[in-house]
Each structure stands twice: as C-alpha cells, then as structure tokens.
$ cat coords-v6.cif   # mmCIF, C-alpha atoms
data_coords
loop_
_atom_site.label_atom_id
_atom_site.label_comp_id
_atom_site.auth_asym_id
_atom_site.auth_seq_id
_atom_site.Cartn_x
_atom_site.Cartn_y
_atom_site.Cartn_z
CA ARG C 1 117.66 -21.65 197.22
CA VAL C 2 117.27 -20.19 193.75
CA VAL C 3 119.39 -17.19 194.75
CA GLY C 4 122.04 -19.50 196.24
CA CYS C 5 122.18 -21.65 193.11
CA ALA C 6 122.49 -18.57 190.94
CA ALA C 7 125.31 -17.24 193.09
CA THR C 8 127.13 -20.58 192.93
CA ALA C 9 126.74 -20.70 189.14
CA GLU C 10 128.08 -17.16 188.85
CA LYS C 11 131.12 -18.02 190.98
CA LEU C 12 131.80 -21.07 188.82
CA ALA C 13 131.45 -19.02 185.65
CA GLU C 14 133.84 -16.38 187.01
CA LYS C 15 136.35 -19.07 187.93
CA LEU C 16 136.19 -20.50 184.40
CA ARG C 17 136.60 -17.00 182.91
CA ALA C 18 139.64 -16.42 185.15
CA GLN C 19 141.18 -19.71 184.01
CA GLN C 20 140.55 -18.76 180.40
CA ARG C 21 142.16 -15.33 180.91
CA GLU C 22 145.19 -16.97 182.51
CA LYS C 23 145.45 -19.39 179.60
CA SER C 24 145.08 -16.64 176.98
CA ARG C 25 147.78 -14.54 178.68
CA GLY C 26 150.09 -17.52 178.64
CA GLU C 27 150.69 -17.33 182.40
CA GLU C 28 152.27 -20.38 183.98
CA PRO C 29 149.89 -22.45 186.14
CA LYS C 30 150.60 -22.37 189.87
CA SER C 31 150.48 -26.15 190.37
CA PRO C 32 153.78 -28.01 189.59
CA LEU C 33 151.74 -30.82 188.00
CA SER C 34 149.86 -28.37 185.75
CA ARG C 35 153.13 -26.69 184.75
CA ARG C 36 154.62 -30.07 183.86
CA VAL C 37 151.58 -31.03 181.78
CA ARG C 38 151.72 -27.69 179.94
CA GLN C 39 155.43 -28.20 179.25
CA LEU C 40 154.73 -31.63 177.73
CA ASP C 41 151.78 -30.33 175.68
CA ARG C 42 153.87 -27.49 174.27
CA PHE C 43 156.47 -29.99 173.08
CA SER C 44 153.87 -32.38 171.64
CA LYS C 45 151.69 -29.82 169.83
CA GLN C 46 153.98 -26.88 169.05
CA LEU C 47 153.97 -27.34 165.25
CA GLN C 48 150.79 -29.33 164.62
CA ARG C 49 148.48 -26.38 163.93
CA VAL C 50 150.79 -23.66 162.66
CA HIS C 51 150.69 -22.28 159.10
CA PRO C 52 152.57 -24.53 156.62
CA ASN C 53 155.06 -21.71 156.02
CA VAL C 54 155.90 -21.69 159.74
CA LEU C 55 156.49 -25.46 159.70
CA ALA C 56 158.66 -25.17 156.58
CA LYS C 57 160.70 -22.42 158.26
CA ALA C 58 161.17 -24.61 161.35
CA LEU C 59 162.41 -27.47 159.14
CA LYS C 60 164.79 -25.08 157.35
CA ASN C 61 166.19 -23.85 160.65
CA GLY C 62 166.70 -27.44 161.76
CA ILE C 63 168.62 -28.65 158.70
CA LEU C 64 171.42 -31.02 159.80
CA TYR C 65 173.25 -31.41 156.48
CA GLN C 66 172.89 -30.71 152.77
CA ASN C 67 174.82 -31.20 149.56
CA GLU C 68 173.98 -31.25 145.86
CA LYS C 69 171.94 -34.45 146.26
CA ILE C 70 170.28 -34.46 149.67
CA VAL C 71 168.85 -32.28 152.43
CA VAL C 72 168.76 -33.80 155.93
CA ILE C 73 166.24 -32.42 158.42
CA ASN C 74 165.51 -32.87 162.10
CA LYS C 75 161.94 -34.21 162.06
CA PRO C 76 159.86 -32.58 164.82
CA TYR C 77 157.63 -34.47 167.23
CA GLY C 78 153.94 -34.91 166.38
CA ILE C 79 154.18 -34.16 162.65
CA PRO C 80 153.19 -37.08 160.38
CA VAL C 81 155.14 -37.72 157.21
CA HIS C 82 151.96 -38.16 155.13
CA GLY C 83 148.56 -36.50 155.34
CA GLY C 84 145.24 -38.11 156.22
CA PRO C 85 141.88 -37.48 157.90
CA GLY C 86 142.20 -34.78 160.54
CA VAL C 87 145.83 -34.01 159.64
CA ARG C 88 146.46 -30.30 159.28
CA ASN C 89 150.24 -30.37 158.77
CA CYS C 90 152.51 -33.08 157.39
CA ILE C 91 156.07 -33.24 156.08
CA THR C 92 155.03 -34.10 152.49
CA ASP C 93 152.82 -31.03 152.10
CA VAL C 94 155.53 -28.54 153.08
CA LEU C 95 158.36 -29.99 150.95
CA PRO C 96 157.59 -27.65 147.99
CA ILE C 97 157.65 -24.66 150.38
CA LEU C 98 160.92 -25.80 151.95
CA ALA C 99 162.51 -26.21 148.51
CA LYS C 100 161.51 -22.64 147.55
CA MET C 101 162.92 -21.31 150.81
CA LEU C 102 166.22 -22.99 150.00
CA HIS C 103 166.52 -22.39 146.25
CA GLY C 104 163.95 -19.87 145.07
CA MET C 105 160.46 -19.96 143.58
CA LYS C 106 161.37 -22.25 140.65
CA ALA C 107 162.92 -24.95 142.80
CA GLU C 108 161.78 -28.55 142.30
CA PRO C 109 160.00 -29.94 145.39
CA LEU C 110 162.12 -32.10 147.67
CA HIS C 111 161.38 -35.85 147.76
CA LEU C 112 160.92 -38.27 150.66
CA CYS C 113 163.46 -41.10 150.90
CA HIS C 114 162.06 -42.94 153.94
CA ARG C 115 159.57 -42.35 156.75
CA LEU C 116 159.43 -41.92 160.51
CA ASP C 117 156.40 -42.35 162.74
CA LYS C 118 154.44 -39.23 163.67
CA GLU C 119 155.73 -39.36 167.25
CA THR C 120 159.36 -40.15 166.34
CA THR C 121 161.93 -37.35 166.15
CA GLY C 122 165.33 -37.13 164.49
CA VAL C 123 167.25 -37.67 161.26
CA MET C 124 165.19 -37.64 158.06
CA VAL C 125 166.72 -37.63 154.56
CA LEU C 126 165.16 -35.73 151.65
CA ALA C 127 166.32 -35.90 148.03
CA ARG C 128 166.62 -32.98 145.61
CA ASN C 129 165.07 -34.97 142.72
CA SER C 130 163.20 -38.21 142.06
CA ASP C 131 166.25 -40.11 140.73
CA ILE C 132 168.24 -39.46 143.89
CA ALA C 133 165.19 -40.38 145.99
CA TYR C 134 164.95 -43.72 144.17
CA GLU C 135 168.67 -44.34 144.73
CA ILE C 136 168.43 -43.70 148.48
CA GLN C 137 165.18 -45.67 148.84
CA HIS C 138 167.04 -48.61 147.27
CA LEU C 139 169.79 -48.26 149.88
CA PHE C 140 167.18 -48.50 152.65
CA LYS C 141 165.43 -51.48 151.05
CA THR C 142 168.71 -53.38 150.60
CA ARG C 143 169.76 -52.60 154.20
CA GLN C 144 172.82 -50.57 153.25
CA VAL C 145 171.92 -47.69 155.59
CA GLU C 146 173.07 -47.91 159.20
CA LYS C 147 170.30 -46.74 161.56
CA ASP C 148 170.79 -45.89 165.21
CA TYR C 149 167.94 -44.90 167.54
CA ARG C 150 167.70 -43.89 171.18
CA ALA C 151 164.74 -44.78 173.40
CA ILE C 152 163.78 -44.45 177.04
CA VAL C 153 161.87 -47.56 178.05
CA VAL C 154 159.86 -48.66 181.08
CA GLY C 155 161.77 -51.54 182.63
CA VAL C 156 165.28 -52.91 182.14
CA PRO C 157 165.80 -55.52 179.38
CA VAL C 158 167.40 -58.85 180.31
CA PRO C 159 169.95 -59.55 178.96
CA SER C 160 171.32 -56.00 178.72
CA GLU C 161 172.39 -56.50 175.10
CA GLY C 162 171.03 -58.71 172.37
CA LEU C 163 169.08 -59.29 169.17
CA VAL C 164 165.29 -59.53 168.88
CA ASP C 165 164.56 -61.56 165.74
CA ILE C 166 160.80 -62.14 165.67
CA PRO C 167 158.47 -61.57 162.67
CA ILE C 168 155.75 -58.92 162.93
CA VAL C 169 152.20 -58.92 161.60
CA GLU C 170 149.25 -56.52 161.74
CA LYS C 171 146.13 -57.77 163.53
CA GLU C 172 142.72 -56.45 164.46
CA VAL C 173 142.21 -56.08 168.20
CA GLN C 174 138.76 -57.19 169.27
CA SER C 175 137.62 -54.95 172.12
CA HIS C 176 134.91 -52.41 172.95
CA GLN C 177 136.73 -50.10 170.51
CA SER C 178 137.98 -52.21 167.60
CA HIS C 179 141.38 -51.17 166.21
CA HIS C 180 144.49 -52.53 164.48
CA LYS C 181 147.97 -53.06 165.91
CA MET C 182 151.24 -54.60 164.85
CA THR C 183 152.20 -57.61 166.95
CA LEU C 184 154.64 -60.51 167.11
CA ALA C 185 154.23 -63.60 164.93
CA PRO C 186 156.86 -65.99 166.37
CA ASN C 187 158.14 -68.93 164.35
CA TYR C 188 158.41 -71.00 167.55
CA ARG C 189 156.41 -71.53 170.74
CA LEU C 190 157.23 -73.19 174.03
CA SER C 191 155.59 -76.60 174.44
CA SER C 192 153.52 -76.69 177.63
CA GLU C 193 154.09 -80.42 178.02
CA GLU C 194 157.81 -80.88 177.40
CA GLY C 195 159.00 -77.29 177.79
CA LYS C 196 160.74 -77.45 174.40
CA LEU C 197 160.63 -75.04 171.47
CA VAL C 198 158.19 -76.17 168.81
CA LYS C 199 158.14 -74.72 165.31
CA VAL C 200 154.76 -73.27 164.30
CA ARG C 201 153.23 -72.67 160.89
CA LYS C 202 154.48 -69.39 159.44
CA ASN C 203 151.95 -66.57 159.15
CA ARG C 204 151.93 -65.59 155.47
CA ALA C 205 151.17 -61.97 156.29
CA ALA C 206 154.08 -61.69 158.77
CA GLN C 207 157.22 -59.75 157.88
CA SER C 208 160.72 -60.65 159.05
CA ALA C 209 161.93 -58.17 161.68
CA ALA C 210 165.22 -57.93 163.57
CA THR C 211 166.42 -55.33 166.09
CA ARG C 212 169.73 -55.07 167.96
CA TYR C 213 169.55 -53.37 171.34
CA ARG C 214 171.95 -52.33 174.10
CA VAL C 215 171.28 -50.80 177.53
CA LEU C 216 173.23 -47.53 177.87
CA ALA C 217 171.96 -46.59 181.33
CA SER C 218 169.35 -47.75 183.83
CA PHE C 219 167.97 -46.50 187.12
CA ALA C 220 165.09 -47.93 189.12
CA SER C 221 162.21 -48.70 186.73
CA CYS C 222 163.48 -47.14 183.46
CA SER C 223 166.42 -47.45 181.08
CA LEU C 224 167.99 -45.76 178.07
CA LEU C 225 168.59 -48.00 175.05
CA GLU C 226 170.61 -47.86 171.86
CA LEU C 227 168.60 -49.51 169.05
CA GLN C 228 169.71 -50.65 165.61
CA PRO C 229 166.86 -51.89 163.42
CA ILE C 230 168.20 -54.29 160.81
CA THR C 231 164.85 -54.41 159.00
CA GLY C 232 162.27 -51.66 158.52
CA VAL C 233 158.84 -53.01 159.45
CA LYS C 234 156.08 -50.63 160.58
CA HIS C 235 156.35 -49.89 164.34
CA GLN C 236 159.12 -52.50 164.57
CA LEU C 237 161.09 -50.95 167.44
CA ARG C 238 157.99 -50.27 169.52
CA VAL C 239 156.62 -53.80 169.05
CA HIS C 240 159.93 -55.57 169.71
CA LEU C 241 160.48 -53.53 172.86
CA ALA C 242 156.94 -53.84 174.23
CA TYR C 243 156.04 -57.42 173.29
CA GLY C 244 159.48 -58.96 172.71
CA LEU C 245 161.39 -57.57 175.70
CA GLY C 246 158.47 -56.48 177.88
CA CYS C 247 159.90 -52.94 178.05
CA PRO C 248 157.61 -50.51 176.17
CA VAL C 249 158.92 -47.12 175.08
CA LEU C 250 158.16 -44.39 177.61
CA GLY C 251 155.05 -42.57 176.37
CA ASP C 252 153.98 -45.39 174.03
CA HIS C 253 150.29 -45.48 174.88
CA LYS C 254 149.49 -47.67 171.85
CA TYR C 255 151.77 -50.62 172.58
CA SER C 256 151.78 -50.60 176.38
CA HIS C 257 148.52 -52.59 176.24
CA TRP C 258 147.11 -55.07 173.76
CA SER C 259 143.34 -55.24 174.15
CA LYS C 260 142.60 -51.62 175.04
CA LEU C 261 143.34 -48.03 174.07
CA ALA C 262 144.48 -46.37 177.28
CA PRO C 263 147.34 -44.25 178.66
CA GLN C 264 150.52 -46.10 179.60
CA LYS C 265 150.55 -47.42 183.18
CA LEU C 266 153.75 -46.18 184.83
CA PRO C 267 155.51 -47.24 188.04
CA GLU C 268 155.12 -44.87 191.00
CA ASP C 269 158.81 -43.97 191.13
CA ALA C 270 158.85 -43.07 187.43
CA LEU C 271 155.76 -40.88 187.81
CA ARG C 272 157.31 -39.11 190.78
CA ARG C 273 160.57 -38.40 188.98
CA LEU C 274 158.75 -37.24 185.85
CA GLY C 275 156.60 -34.86 187.91
CA LEU C 276 153.34 -36.52 186.87
CA GLU C 277 150.38 -38.42 188.26
CA GLN C 278 148.90 -41.47 186.54
CA VAL C 279 145.75 -39.53 185.55
CA LYS C 280 148.00 -37.19 183.53
CA ALA C 281 150.19 -39.92 181.98
CA ARG C 282 148.41 -39.48 178.63
CA HIS C 283 150.33 -36.21 178.15
CA LEU C 284 153.67 -38.02 178.10
CA PRO C 285 155.15 -38.06 174.56
CA LEU C 286 156.83 -41.04 172.92
CA HIS C 287 160.55 -41.11 173.81
CA LEU C 288 161.94 -42.56 170.57
CA HIS C 289 164.57 -40.65 168.59
CA ALA C 290 166.31 -41.36 165.25
CA HIS C 291 169.78 -40.43 166.49
CA ARG C 292 172.01 -41.37 163.55
CA LEU C 293 171.99 -42.50 159.92
CA ALA C 294 175.05 -43.52 157.92
CA LEU C 295 174.64 -43.33 154.13
CA PRO C 296 177.18 -45.23 151.97
CA LEU C 297 179.24 -43.95 149.05
CA GLY C 298 177.21 -42.48 146.18
CA THR C 299 175.23 -39.90 148.16
CA GLY C 300 178.17 -37.62 148.83
CA GLY C 301 181.86 -37.05 148.36
CA ASP C 302 183.02 -39.19 151.31
CA LYS C 303 182.97 -42.96 151.70
CA GLN C 304 180.17 -42.60 154.24
CA ILE C 305 178.06 -39.67 155.37
CA ASP C 306 177.42 -39.77 159.12
CA LEU C 307 174.24 -37.88 160.00
CA VAL C 308 173.69 -37.24 163.71
CA CYS C 309 170.77 -35.43 165.35
CA LYS C 310 170.76 -34.11 168.92
CA LEU C 311 168.13 -35.31 171.34
CA PRO C 312 165.00 -33.14 171.72
CA VAL C 313 164.87 -30.97 174.83
CA CYS C 314 161.93 -32.95 176.24
CA PHE C 315 163.92 -36.20 175.89
CA LYS C 316 166.91 -34.65 177.69
CA ILE C 317 164.71 -33.41 180.52
CA SER C 318 163.29 -36.92 180.99
CA LEU C 319 166.82 -38.36 181.08
CA GLU C 320 167.77 -35.92 183.82
CA ARG C 321 164.59 -36.51 185.83
CA LEU C 322 164.97 -40.30 185.60
CA LYS C 323 168.72 -40.09 186.45
CA LEU C 324 169.69 -41.87 183.24
CA ASN C 325 173.10 -40.24 183.03
CA VAL C 326 175.34 -41.05 180.08
CA PRO C 327 178.35 -38.72 179.52
CA GLU C 328 178.00 -39.00 175.71
CA PHE C 329 174.49 -37.53 175.88
CA GLN C 330 175.47 -34.75 178.25
CA GLU C 331 177.78 -33.50 175.51
CA LYS C 332 175.12 -33.78 172.79
#
$ encode --input "coords-v6.cif" --output "structure tokens"
Amino acid sequence: RVVGCAATAEKLAEKLRAQQREKSRGEEPKSPLSRRVRQLDRFSKQLQRVHPNVLAKALKNGILYQNEKIVVINKPYGIPVHGGPGVRNCITDVLPILAKMLHGMKAEPLHLCHRLDKETTGVMVLARNSDIAYEIQHLFKTRQVEKDYRAIVVGVPVPSEGLVDIPIVEKEVQSHQSHHKMTLAPNYRLSSEEGKLVKVRKNRAAQSAATRYRVLASFASCSLLELQPITGVKHQLRVHLAYGLGCPVLGDHKYSHWSKLAPQKLPEDALRRLGLEQVKARHLPLHLHAHRLALPLGTGGDKQIDLVCKLPVCFKISLERLKLNVPEFQEK
C-alpha cells in the first residue's frame, strides 16, 4: 500500500510538472474550454504586471489623437486610473513616463481630465498642463462633453430605446462578506394597495443619474447597446443597466447580484456561444467600452473634436460569437 501511494503521488507530481512545463513554454492547452479561458485571461491581465515603461509604451502606441492641448489615449482593460492597495500599475503613475516618451526628459507630466473604471476600455483624454486639465474637467462637470459607450448586456431591454432617470446611492451590502455597492435610490415607488406611483422621501446621499440607451442588435439572450450617460455618477451605466433595466453588462460580476460576490450567472445559450461553462464564467471580462467623446470648441481648432476608439479585439470576438452583427461595427 505504501509503495502504491508513493507511485500515485509520483504520477501526480509528474503530471503537475508537465502542466507547468506546458504553461512555461506558452503552449496552447488541448481543451477548447481551456484555450478560451487562456484567451480571456490574456486580454484581462496583459498589462497589469508589466514594467511601467512597457505600459507607457503601450499607451503611446495607442494614442488616438493629440494637439497642443490634449493627448487622447485608448485606455486598456484592467488598468485602474488611480493606484491603491495591491495595484501594481495605474494610468496616473505612468503619465510622467508617457510625457517624456512624447516630448523628451524635461516634459511636464500629463494630467488626467476624467476617469474610467478599471474594467472599462476606450477614449480617455489627458491634458498637457494643469490649466487645460481644469478647463476640460469643467466641460465634463457642466455636461458639455458628449459621451457614447457600447456595451454587450445579458438580456434585451424593453422598450428597445429610452431614458433611465433614477438617482444612485452607495450602500453597504450586509452578507457573509460585507462590501459596498452603488444602487438605485428611486424618487417613486409603486403602491401595493392602489398600484399607483407614490413619491418617497429623497435620500440625501443619492446623486441624480440619467442614461439614454438604444438597442443596436439582439440575438437570443444578449444584446448590444449604445449608451449615452447624461450625468457622471460612479458605476452609473452598470447600475442603470443591471438594476434599472434588468440587463447587466456581460462580465459584470459585481452588479449581476446584490447580496453576494459571485461570478455572473449566464444563460446556457450564451455560455455555449461564448465557448465557456458556468464554472469558468468568472474569467469573462466586462464588456463596456467608451466608444466616442465629442469635445466642444476651445480644446482644438475645430468647432468640435470627435474622438472615436475602436472596439477591443475581445469585445469584437464576443459580438461574433453571440451573433450580434451590426455593419457599422464590422467596419470599425
């Protein structure tokens, strides 16, 4: 028995060593599911642990537009704008390096003008000095910047086009693992007795939030949306989609549930088309992309600067797999 146990342990150890060698050589896994998971992980983590110079170079290579006032980058997936506990790379930390790559060692660091969530990709505007940054921040605060996002969501919103105008507030979620989330703070509720709308006392901590949406394509259990946030509240689009329309963003593991922290539960047909199983759903990245910004006169020579960013490859692959075909996106 001892000899048998030892032999079994040795076989297991050899199997683990073989898996490690395969991983270190970068060989593709044989299983289609494992290959799909690796593909998603590469997209999600490709720039999170690289040297800051490598991240800065990637941002430089992805510049969408620049003039004497601004530099517009394509923000990668998985990179937070600001640092924090456990954060190795963030946009803020590499701005001085990016400025030197563009204009030499004596260049003034670039300045943030707005923010995007860690998991959101797309158009991000940087200013060449603090005065310009203040000017553009004012444009965002006074809602003079047109913002256009794209999102793949689970479900199909009804109606197919509309406005979600519901305040948002941050609350602590009481569960086995206490955490905080943004949620809706409606000004009205439906009376259970008369079935009429009844005005409720306004939550002082709630912030006004409004989002326009339009369905661009739908197939089976998923759809592609055009989103135009009128306000700029934290996690606004994700909260309005998940809790307002009942259609969470694909890969939004935070807002697909309320009382628990768990991977998003996906319909069987969506899993099949995405090449995943539910136990691997946690590898699915957030499918939310800042597609376009329009800056008004004062930040360039034209009346309006239209800044457009192509969809990430992973987003395009999901569109194809889910059969969400829109001619406009096939061109971009």
$ resolve_selection --input "coords-v6.cif" --expression "the PyMOL selection byres ((chain C and resi 267) around 10)" --output "ChimeraX atom specification"
/C:154-155,220-222,264-266,268-272,278
$ resolve_selection --input "coords-v6.cif" --expression "the PyMOL selection byres ((chain C and resi 133) around 10)" --output "list in words"
Lys69, Ile70, Leu110, His111, Leu112, Cys113, His114, Val125, Leu126, Ala127, Arg128, Asn129, Ser130, Asp131, Ile132, Tyr134, Glu135, Ile136, Gln137, His138 and Leu139 of chain C
$ write_last_selection --input "coords-v6.cif" --atoms "C-alpha atoms" --output "compact mmCIF listing (two decimals), keeping the file's coordinate frame"
# COMPACT_ATOMS: atom_id res chain seq x y z
CA LYS C 69 171.94 -34.45 146.26
CA ILE C 70 170.28 -34.46 149.67
CA LEU C 110 162.12 -32.10 147.67
CA HIS C 111 161.38 -35.85 147.76
CA LEU C 112 160.92 -38.27 150.66
CA CYS C 113 163.46 -41.10 150.90
CA HIS C 114 162.06 -42.94 153.94
CA VAL C 125 166.72 -37.63 154.56
CA LEU C 126 165.16 -35.73 151.65
CA ALA C 127 166.32 -35.90 148.03
CA ARG C 128 166.62 -32.98 145.61
CA ASN C 129 165.07 -34.97 142.72
CA SER C 130 163.20 -38.21 142.06
CA ASP C 131 166.25 -40.11 140.73
CA ILE C 132 168.24 -39.46 143.89
CA TYR C 134 164.95 -43.72 144.17
CA GLU C 135 168.67 -44.34 144.73
CA ILE C 136 168.43 -43.70 148.48
CA GLN C 137 165.18 -45.67 148.84
CA HIS C 138 167.04 -48.61 147.27
CA LEU C 139 169.79 -48.26 149.88
$ resolve_selection --input "coords-v6.cif" --expression "the PyMOL selection byres ((chain C and resi 324) around 7)" --output "PyMOL selection string"
chain C and resi 217-219+223-224+319-320+322-323+325-326
$ atom_distance --input "coords-v6.cif" --atom1 "atom CA of C:Val249" --atom2 "atom CA of C:Leu276"
16.8 Å
$ atom_distance --input "coords-v6.cif" --atom1 "atom CA of C:Glu172" --atom2 "atom CA of C:Lys118"
20.8 Å
$ closest_residue --input "coords-v6.cif" --among "C:Val239, C:Val54, C:Ala151, C:Leu59" --to "C:Pro285" --atoms "only C-alpha atoms"
C:Ala151
$ atom_distance --input "coords-v6.cif" --atom1 "atom CA of C:Glu170" --atom2 "atom CA of C:Pro229"
18.3 Å
$ closest_residue --input "coords-v6.cif" --among "C:His176, C:Lys234, C:Lys181, C:His103" --to "C:Tyr255" --atoms "all atoms listed in the file"
C:Lys181
$ closest_residue --input "coords-v6.cif" --among "C:Arg150, C:Arg42, C:Lys106, C:Arg321" --to "C:Glu226" --atoms "all atoms listed in the file"
C:Arg150
